[in-house]
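Participant: Please find run.txt (compact mmCIF, C-alpha atoms) on the next line:
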```txt
# COMPACT_ATOMS: atom_id res chain seq x y z
CA MET A 1 -23.30 -123.38 -104.52
CA SER A 2 -27.03 -124.06 -104.11
CA GLN A 3 -29.34 -121.40 -105.52
CA SER A 4 -31.27 -121.61 -102.25
CA HIS A 5 -28.32 -120.15 -100.33
CA ARG A 6 -26.03 -117.14 -100.41
CA VAL A 7 -22.41 -117.73 -99.49
CA SER A 8 -20.12 -115.07 -98.03
CA CYS A 9 -17.20 -114.42 -95.71
CA PRO A 10 -18.11 -114.68 -92.02
CA ARG A 11 -15.89 -111.67 -91.25
CA CYS A 12 -16.80 -109.15 -93.98
CA VAL A 13 -19.03 -108.31 -96.94
CA VAL A 14 -16.32 -108.70 -99.63
CA PRO A 15 -17.45 -111.25 -102.29
CA ILE A 16 -15.75 -114.64 -102.00
CA ALA A 17 -14.88 -117.19 -104.68
CA PRO A 18 -14.34 -120.95 -104.80
CA THR A 19 -10.78 -122.20 -104.91
CA GLY A 20 -9.42 -124.95 -107.13
CA ALA A 21 -9.11 -127.20 -104.08
CA GLY A 22 -12.85 -127.10 -103.42
CA GLY A 23 -12.65 -124.47 -100.69
CA TRP A 24 -13.50 -120.77 -100.55
CA ALA A 25 -11.32 -117.67 -100.38
CA CYS A 26 -11.94 -114.05 -99.38
CA PRO A 27 -9.72 -111.29 -100.88
CA GLU A 28 -9.44 -109.76 -97.42
CA HIS A 29 -9.10 -112.85 -95.21
CA GLY A 30 -7.68 -115.60 -97.43
CA GLU A 31 -9.06 -119.12 -97.27
CA ILE A 32 -12.17 -119.24 -95.12
CA ALA A 33 -14.98 -121.44 -93.94
CA PRO A 34 -17.94 -119.86 -95.78
CA LEU A 35 -21.12 -118.46 -94.26
CA TRP A 36 -24.22 -120.16 -95.68
CA GLN A 37 -27.38 -118.06 -95.50
CA PRO A 38 -30.75 -119.00 -97.01
CA VAL A 39 -32.24 -116.90 -99.78
CA GLU A 40 -35.69 -117.48 -98.30
CA VAL A 41 -36.39 -118.01 -94.60
CA THR A 42 -38.67 -121.03 -94.38
CA TYR A 43 -39.11 -124.13 -92.25
CA GLU A 44 -37.67 -126.26 -95.05
CA ALA A 45 -34.58 -124.02 -95.29
CA PHE A 46 -34.21 -124.22 -91.51
CA THR A 47 -34.16 -128.01 -91.57
CA GLN A 48 -31.38 -127.77 -94.19
CA HIS A 49 -29.55 -125.34 -91.89
CA LEU A 50 -29.77 -127.78 -88.98
CA ALA A 51 -28.48 -130.61 -91.17
CA ARG A 52 -25.48 -128.49 -92.24
CA ALA A 53 -24.83 -127.37 -88.65
CA ALA A 54 -25.02 -131.01 -87.47
CA THR A 55 -24.22 -131.17 -83.74
CA PHE A 56 -23.18 -127.50 -83.52
CA PRO A 57 -25.79 -125.69 -81.38
CA THR A 58 -28.33 -123.38 -82.99
CA TYR A 59 -29.82 -121.15 -80.30
CA LEU A 60 -33.19 -119.44 -80.32
CA PRO A 61 -34.98 -117.49 -77.58
CA TRP A 62 -37.55 -119.93 -76.25
CA PRO A 63 -40.45 -119.85 -76.42
CA LEU A 64 -41.10 -117.15 -79.02
CA GLY A 65 -43.69 -114.63 -77.90
CA PRO A 66 -46.87 -113.89 -79.86
CA GLY A 67 -46.12 -111.94 -83.02
CA TRP A 68 -42.43 -112.92 -83.08
CA SER A 69 -40.90 -114.98 -85.89
CA VAL A 70 -37.59 -116.36 -87.11
CA THR A 71 -36.40 -113.89 -89.77
CA ASP A 72 -32.84 -115.04 -90.50
CA PHE A 73 -30.34 -117.82 -89.81
CA ALA A 74 -26.96 -118.93 -91.10
CA VAL A 75 -24.14 -121.39 -90.50
CA VAL A 76 -20.38 -121.16 -91.04
CA GLU A 77 -19.30 -124.54 -92.38
CA ASP A 78 -16.64 -126.04 -94.63
CA GLY A 79 -17.25 -129.68 -93.80
CA THR A 80 -16.91 -128.80 -90.12
CA PRO A 81 -19.46 -126.38 -88.59
CA ARG A 82 -17.84 -123.41 -86.87
CA ALA A 83 -20.67 -120.98 -86.08
CA THR A 84 -24.43 -120.53 -86.21
CA MET A 85 -26.59 -117.43 -86.23
CA THR A 86 -30.32 -116.92 -85.74
CA CYS A 87 -32.47 -113.80 -85.69
CA VAL A 88 -35.94 -113.41 -84.27
CA SER A 89 -37.98 -110.28 -84.87
CA GLY A 90 -41.07 -108.85 -83.25
CA ALA A 91 -42.28 -105.69 -81.58
CA THR A 92 -42.64 -104.25 -78.09
CA ALA A 93 -44.69 -101.36 -76.80
CA LEU A 94 -41.56 -99.45 -75.74
CA ASP A 95 -39.22 -100.14 -78.67
CA GLY A 96 -41.43 -100.82 -81.66
CA PRO A 97 -39.82 -103.27 -84.12
CA VAL A 98 -37.07 -105.33 -82.45
CA ASP A 99 -34.45 -107.74 -83.82
CA VAL A 100 -32.58 -110.19 -81.57
CA ILE A 101 -29.59 -111.94 -83.16
CA VAL A 102 -27.88 -114.88 -81.43
CA VAL A 103 -24.45 -116.13 -82.55
CA SER A 104 -22.53 -119.13 -81.24
CA GLU A 105 -19.05 -119.50 -82.70
CA GLU A 106 -15.67 -121.13 -82.35
CA THR A 107 -12.73 -118.88 -81.50
CA GLY A 108 -11.39 -117.10 -84.58
CA THR A 109 -14.57 -117.22 -86.68
CA GLY A 110 -15.43 -113.51 -86.52
CA LEU A 111 -19.15 -113.77 -87.34
CA GLY A 112 -20.33 -112.19 -84.09
CA ALA A 113 -18.06 -109.20 -84.58
CA ARG A 114 -19.24 -108.76 -88.18
CA ILE A 115 -22.89 -108.75 -87.15
CA ALA A 116 -22.10 -106.36 -84.30
CA GLY A 117 -20.43 -104.04 -86.84
CA LEU A 118 -17.04 -104.29 -85.15
CA PRO A 119 -13.57 -105.15 -86.45
CA ALA A 120 -12.48 -108.59 -85.25
CA GLY A 121 -9.05 -109.57 -84.02
CA PRO A 122 -7.35 -112.91 -84.80
CA ASP A 123 -9.51 -114.65 -82.20
CA GLY A 124 -12.68 -113.24 -83.79
CA LEU A 125 -13.31 -110.86 -80.91
CA PRO A 126 -12.98 -107.09 -80.57
CA GLY A 127 -11.38 -107.79 -77.21
CA ARG A 128 -9.58 -110.80 -75.79
CA PRO A 129 -10.33 -113.22 -72.94
CA SER A 130 -8.85 -112.33 -69.59
CA GLY A 131 -8.81 -115.94 -68.41
CA GLN A 132 -10.42 -115.02 -65.12
CA ASP A 133 -13.93 -116.32 -64.44
CA GLY A 134 -15.03 -115.77 -68.03
CA ALA A 135 -14.61 -112.00 -67.78
CA LEU A 136 -13.53 -110.23 -70.95
CA ARG A 137 -11.24 -107.33 -71.69
CA GLY A 138 -10.40 -105.16 -74.69
CA GLY A 139 -13.69 -104.32 -76.41
CA PHE A 140 -15.64 -105.76 -73.48
CA ALA A 141 -16.61 -104.21 -70.20
CA ASP A 142 -14.81 -105.27 -67.03
CA GLY A 143 -16.63 -106.27 -63.88
CA PRO A 144 -19.73 -108.43 -63.44
CA PRO A 145 -21.82 -109.47 -66.45
CA GLU A 146 -24.42 -107.04 -67.73
CA VAL A 147 -27.07 -109.75 -68.03
CA LYS A 148 -27.48 -113.49 -67.72
CA VAL A 149 -29.33 -115.86 -70.02
CA LYS A 150 -30.37 -119.41 -69.30
CA LEU A 151 -29.04 -122.32 -71.34
CA ASP A 152 -30.66 -125.54 -70.17
CA ALA A 153 -30.27 -125.42 -66.40
CA HIS A 154 -27.28 -123.06 -66.44
CA ALA A 155 -27.12 -119.27 -66.23
CA VAL A 156 -24.59 -117.77 -68.66
CA GLY A 157 -23.13 -114.31 -68.07
CA LEU A 158 -22.90 -111.83 -70.96
CA TRP A 159 -20.79 -108.68 -70.94
CA SER A 160 -21.48 -105.43 -72.78
CA VAL A 161 -19.33 -104.89 -75.87
CA SER A 162 -18.38 -101.32 -76.68
CA THR A 163 -19.84 -100.11 -79.98
CA SER A 164 -18.08 -96.75 -79.88
CA ARG A 165 -15.95 -97.82 -82.88
CA ILE A 166 -18.99 -98.37 -85.11
CA ASP A 167 -18.96 -95.74 -87.85
CA ARG A 168 -22.71 -95.30 -87.91
CA GLU A 169 -25.60 -94.30 -85.71
CA TRP A 170 -25.52 -96.16 -82.41
CA ASP A 171 -28.45 -98.44 -83.17
CA ARG A 172 -27.72 -101.66 -81.31
CA SER A 173 -26.69 -103.22 -78.04
CA VAL A 174 -24.06 -105.95 -78.15
CA LEU A 175 -23.28 -108.53 -75.48
CA ALA A 176 -20.87 -111.47 -75.48
CA GLY A 177 -19.72 -114.23 -73.21
CA GLU A 178 -18.72 -117.89 -73.19
CA ALA A 179 -21.05 -120.88 -73.32
CA ARG A 180 -20.02 -124.51 -73.67
CA GLY A 181 -16.51 -123.60 -74.78
CA ARG A 182 -17.68 -121.23 -77.56
CA TRP A 183 -18.31 -117.50 -77.81
CA LEU A 184 -21.93 -116.48 -77.45
CA TRP A 185 -23.11 -113.13 -78.82
CA LEU A 186 -26.41 -111.28 -78.53
CA VAL A 187 -27.03 -108.30 -80.81
CA LEU A 188 -30.24 -106.36 -80.17
CA ARG A 189 -31.73 -103.54 -82.21
CA PRO A 190 -32.67 -100.93 -81.29
CA ALA A 191 -30.12 -100.41 -78.54
CA SER A 192 -32.85 -99.86 -75.96
CA ALA A 193 -34.09 -103.42 -76.52
CA ILE A 194 -31.41 -104.57 -74.08
CA LEU A 195 -34.01 -103.89 -71.40
CA LEU A 196 -35.81 -107.02 -72.61
CA LEU A 197 -33.05 -108.99 -70.89
CA ARG A 198 -33.86 -107.72 -67.42
CA ASP A 199 -35.65 -111.02 -66.89
CA LEU A 200 -33.67 -114.23 -67.29
CA TRP A 201 -34.08 -115.08 -70.96
CA ILE A 202 -34.03 -118.70 -72.05
CA LEU A 203 -31.98 -119.76 -75.07
CA ARG A 204 -32.66 -123.22 -76.44
CA ASP A 205 -30.52 -125.35 -78.73
CA VAL A 206 -33.19 -126.17 -81.30
CA SER A 207 -30.97 -128.70 -83.08
CA VAL A 208 -32.29 -131.23 -80.56
CA THR A 209 -35.87 -129.91 -80.33
CA GLY A 210 -37.51 -132.19 -82.88
CA PRO A 211 -41.19 -131.94 -83.94
CA GLN A 212 -41.84 -128.74 -81.97
CA LEU A 213 -39.96 -126.82 -84.67
CA VAL A 214 -42.96 -127.26 -86.97
CA THR A 215 -44.84 -124.71 -84.84
CA LEU A 216 -42.18 -122.02 -85.24
CA PRO A 217 -43.23 -119.04 -87.40
CA PHE A 218 -40.76 -118.20 -90.17
CA GLY A 219 -40.53 -115.22 -92.50
CA GLY A 220 -40.58 -111.47 -92.51
CA PRO A 221 -37.81 -109.11 -93.59
CA ALA A 222 -34.35 -110.17 -92.46
CA PRO A 223 -32.47 -107.36 -90.71
CA PRO A 224 -29.44 -105.87 -92.46
CA TRP A 225 -26.06 -106.53 -90.85
```
Could you quickly redo this structure as structure tokens?

Facilitator:
Amino acid sequence: MSQSHRVSCPRCVVPIAPTGAGGWACPEHGEIAPLWQPVEVTYEAFTQHLARAATFPTYLPWPLGPGWSVTDFAVVEDGTPRATMTCVSGATALDGPVDVIVVSEETGTGLGARIAGLPAGPDGLPGRPSGQDGALRGGFADGPPEVKVKLDAHAVGLWSVSTSRIDREWDRSVLAGEARGRWLWLVLRPASAILLLRDLWILRDVSVTGPQLVTLPFGGPAPPW
């Protein structure tokens, strides 16, 4: 493992260990694809992240507003990328300090649920897909999406995820939906920061952005999750 990265289970905080076959194993979840997270959030570390994620999308709110920066990112990868996470942090007049975490993941990864503070089922979700127009059941609200975000030229619906099972102060809003055949999660803290999404937010896959990434601000304390 590189000293520039921490490696962990995408589903839990239990320490993991390498296996004799060159893989990784979690005492709770068996053999896993590990979560790679940089020790220091820098532009150089982000370019390494994009190389590890390869063609798997890495989404960021775009453009970042004044005073906002990239404070965390990670990829689940074992030779094949399975999930990416980014966090941007800033401040608003109404909420004070705000963290916005974006997760894109393959079914069964469980990273979005871990960051949301929720137990994940076999498919990685606290609920399960209904199979009808992208709506979600179980841990997700029924009915129309709570908000929509824009990916390229397409509007993607996101549903509220119940956080009533979180054994801590209710400090975040969680939304999830489907985008390009993968689960898309947004986790916002504090919970009231969900009001930021009243306008149609734009998410951009920065893996194909190129030189513009040089202008992104990196650093600041990464939020706990």

Participant: If you measure from atom CA of Glu28 of chain A to atom CA of Val14 of chain A, what distance in Å do you get, rounded to one decimal?

Facilitator: 7.3 Å

Participant: Identify, on the basis of all atoms listed in the file, every residue whose closest approach to segment 89-99 of chain A does not exceed 8 Å; exclude the query and any residue fewer than 4 positions from it along the same chain; express the result as a list of chain:residue names.

Facilitator: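 Listed by chain and then number, they are A:Gly67, A:Trp68, A:Ser69, A:Val70, A:Thr71, A:Leu188, A:Arg189, A:Pro190, A:Ser192, A:Ala193, A:Pro223.
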
Participant: Write out as a VMD selection string the residues lying within 8 Å of Val39 of chain A, counting only C-alpha atoms and excluding same-chain residues fewer than 2 positions away.

Facilitator: chain A and resid 3 to 6 37 41

Participant: Next, the residues of the selection above should be written as an mmCIF file, keeping the file's coordinate frame with C-alpha atoms.

Facilitator:
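The result, stored in result-v5.cif:
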```cif
data_model
loop_
_atom_site.group_PDB
_atom_site.id
_atom_site.type_symbol
_atom_site.label_atom_id
_atom_site.label_comp_id
_atom_site.auth_asym_id
_atom_site.auth_seq_id
_atom_site.Cartn_x
_atom_site.Cartn_y
_atom_site.Cartn_z
ATOM 1 C CA GLN A 3 -29.340 -121.400 -105.520
ATOM 2 C CA SER A 4 -31.270 -121.610 -102.250
ATOM 3 C CA HIS A 5 -28.320 -120.150 -100.330
ATOM 4 C CA ARG A 6 -26.030 -117.140 -100.410
ATOM 5 C CA GLN A 37 -27.380 -118.060 -95.500
ATOM 6 C CA VAL A 41 -36.390 -118.010 -94.600
#
```

Participant: Got a sec: who's within 9 Å of Ser173 of chain A, counting all atoms listed in the file, leaving out chain neighbours fewer than 2 positions off, as a PyMOL selection string?

Facilitator: chain A and resi 116+160-163+170-171+175+186-194

Participant: Looking at all atoms listed in the file, which of A:Arg114, A:Trp24, A:Thr47, A:Leu35 is the one that sits closest to Ala83 of chain A?

Facilitator: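 Among A:Arg114, A:Trp24, A:Thr47, A:Leu35, it is A:Leu35 that comes nearest to Ala83 of chain A.
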
Participant: Do a neighbour search on Thr58 of chain A at 10 Å with all atoms listed in the file, toss out local chain neighbours closer than 4 positions, and write the hits as a list in words.

Facilitator: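 Near neighbours after the sequence-gap exclusion: His49, Leu50, Ala53, Ala54, Phe73, Ala74, Val75, Ala83, Thr84, Met85, Thr86, Val102, Val103, Ser104, Leu203, Arg204, Asp205, Val206, Ser207 and Val208 of chain A.
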
Participant: Please report the interatomic distance between atom CA of Arg198 of chain A and atom CA of Val147 of chain A in Å with one decimal.

Facilitator: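 Straight-line distance from atom CA of Arg198 of chain A to atom CA of Val147 of chain A works out to 7.1 Å.
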
Participant: Quick one, how far is atom CA of Val100 of chain A from atom CA of His154 of chain A?

Facilitator: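 If I compute the distance from atom CA of Val100 of chain A to atom CA of His154 of chain A, I get 20.6 Å.
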
Participant: Write out as a Markdown table the residues of segment 132-224 of chain A that have any atom within 10 Å of an atom of segment 42-45 of chain A, one row each with the nearest atom pair and its distance in Å to one decimal, counting all atoms listed in the file, sorted by chain and then rising number.

Facilitator:
```
| residue | atom | partner | partner_atom | distance |
| --- | --- | --- | --- | --- |
| A:Leu213 | CA | A:Tyr43 | CA | 8.1 |
| A:Val214 | CA | A:Tyr43 | CA | 7.2 |
| A:Thr215 | CA | A:Tyr43 | CA | 9.4 |
| A:Leu216 | CA | A:Tyr43 | CA | 7.9 |
| A:Pro217 | CA | A:Tyr43 | CA | 8.1 |
| A:Phe218 | CA | A:Thr42 | CA | 5.5 |
| A:Gly219 | CA | A:Thr42 | CA | 6.4 |
| A:Gly220 | CA | A:Thr42 | CA | 9.9 |
```

Participant: Leaving out Asp78 of chain A and any residue of its chain fewer than 3 positions from it, which residues lie within 7 Å of it when counting only C-alpha atoms, given as a list in words?

Facilitator: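 Surrounding residues, per the criterion: Ala33, Pro34 and Pro81 of chain A.
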
Participant: I need the residue nearest Gly30 of chain A from this list: A:Ala17, A:Val156, A:Val7, A:Ala176. Use only C-alpha atoms for the distance.

Facilitator: A:Ala17

Participant: So which one's closest to Gly79 of chain A, A:Pro38, A:Pro211, A:Gly117, A:Gly22? Using all atoms listed in the file, please.

Facilitator: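 Ranking A:Pro38, A:Pro211, A:Gly117, A:Gly22 by distance to Gly79 of chain A, first place goes to A:Gly22.
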
Participant: Smallest atom-to-atom distance to Gly177 of chain A: which of A:Leu200, A:Leu158, A:Ile32, A:Leu60, using all atoms listed in the file?

Facilitator: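 Closest candidate: A:Leu158.
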
Participant: Of the residues A:Val174, A:Ile16, A:Glu40, A:Pro224, which is the one nearest to Ala113 of chain A, using all atoms listed in the file?

Facilitator: A:Val174

Participant: Can I get segment 55-73 of chain A with N, CA and C atoms filled in, as an mmCIF file, in the frame of the given file?

Facilitator:
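Final output, part-v5.cif:
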```
data_model
loop_
_atom_site.group_PDB
_atom_site.id
_atom_site.type_symbol
_atom_site.label_atom_id
_atom_site.label_comp_id
_atom_site.auth_asym_id
_atom_site.auth_seq_id
_atom_site.Cartn_x
_atom_site.Cartn_y
_atom_site.Cartn_z
ATOM 1 N N THR A 55 -24.130 -131.207 -85.204
ATOM 2 C CA THR A 55 -24.220 -131.170 -83.740
ATOM 3 C C THR A 55 -23.858 -129.799 -83.164
ATOM 4 N N PHE A 56 -23.494 -128.844 -84.021
ATOM 5 C CA PHE A 56 -23.180 -127.500 -83.520
ATOM 6 C C PHE A 56 -24.491 -126.854 -83.070
ATOM 7 N N PRO A 57 -24.525 -126.221 -81.891
ATOM 8 C CA PRO A 57 -25.790 -125.690 -81.380
ATOM 9 C C PRO A 57 -26.318 -124.518 -82.206
ATOM 10 N N THR A 58 -27.628 -124.512 -82.385
ATOM 11 C CA THR A 58 -28.330 -123.380 -82.990
ATOM 12 C C THR A 58 -29.299 -122.861 -81.936
ATOM 13 N N TYR A 59 -29.031 -121.671 -81.416
ATOM 14 C CA TYR A 59 -29.820 -121.150 -80.300
ATOM 15 C C TYR A 59 -30.921 -120.211 -80.776
ATOM 16 N N LEU A 60 -32.080 -120.366 -80.137
ATOM 17 C CA LEU A 60 -33.190 -119.440 -80.320
ATOM 18 C C LEU A 60 -33.749 -119.056 -78.955
ATOM 19 N N PRO A 61 -34.206 -117.798 -78.786
ATOM 20 C CA PRO A 61 -34.980 -117.490 -77.580
ATOM 21 C C PRO A 61 -36.195 -118.413 -77.546
ATOM 22 N N TRP A 62 -36.492 -118.922 -76.346
ATOM 23 C CA TRP A 62 -37.550 -119.930 -76.250
ATOM 24 C C TRP A 62 -38.387 -119.739 -75.007
ATOM 25 N N PRO A 63 -39.713 -119.777 -75.147
ATOM 26 C CA PRO A 63 -40.450 -119.850 -76.420
ATOM 27 C C PRO A 63 -40.540 -118.477 -77.073
ATOM 28 N N LEU A 64 -40.870 -118.426 -78.353
ATOM 29 C CA LEU A 64 -41.100 -117.150 -79.020
ATOM 30 C C LEU A 64 -42.437 -116.578 -78.563
ATOM 31 N N GLY A 65 -42.455 -115.282 -78.312
ATOM 32 C CA GLY A 65 -43.690 -114.630 -77.900
ATOM 33 C C GLY A 65 -44.646 -114.445 -79.070
ATOM 34 N N PRO A 66 -45.892 -114.143 -78.795
ATOM 35 C CA PRO A 66 -46.870 -113.890 -79.860
ATOM 36 C C PRO A 66 -46.397 -112.759 -80.775
ATOM 37 N N GLY A 67 -46.510 -112.961 -82.063
ATOM 38 C CA GLY A 67 -46.120 -111.940 -83.020
ATOM 39 C C GLY A 67 -44.649 -111.950 -83.391
ATOM 40 N N TRP A 68 -43.857 -112.812 -82.757
ATOM 41 C CA TRP A 68 -42.430 -112.920 -83.080
ATOM 42 C C TRP A 68 -42.217 -114.067 -84.065
ATOM 43 N N SER A 69 -41.200 -113.935 -84.917
ATOM 44 C CA SER A 69 -40.900 -114.980 -85.890
ATOM 45 C C SER A 69 -39.409 -115.063 -86.140
ATOM 46 N N VAL A 70 -38.981 -116.176 -86.705
ATOM 47 C CA VAL A 70 -37.590 -116.360 -87.110
ATOM 48 C C VAL A 70 -37.416 -115.674 -88.468
ATOM 49 N N THR A 71 -36.542 -114.674 -88.542
ATOM 50 C CA THR A 71 -36.400 -113.890 -89.770
ATOM 51 C C THR A 71 -35.063 -114.088 -90.466
ATOM 52 N N ASP A 72 -34.127 -114.798 -89.851
ATOM 53 C CA ASP A 72 -32.840 -115.040 -90.500
ATOM 54 C C ASP A 72 -32.100 -116.133 -89.733
ATOM 55 N N PHE A 73 -31.239 -116.855 -90.445
ATOM 56 C CA PHE A 73 -30.340 -117.820 -89.810
ATOM 57 C C PHE A 73 -29.225 -118.123 -90.792
#
```
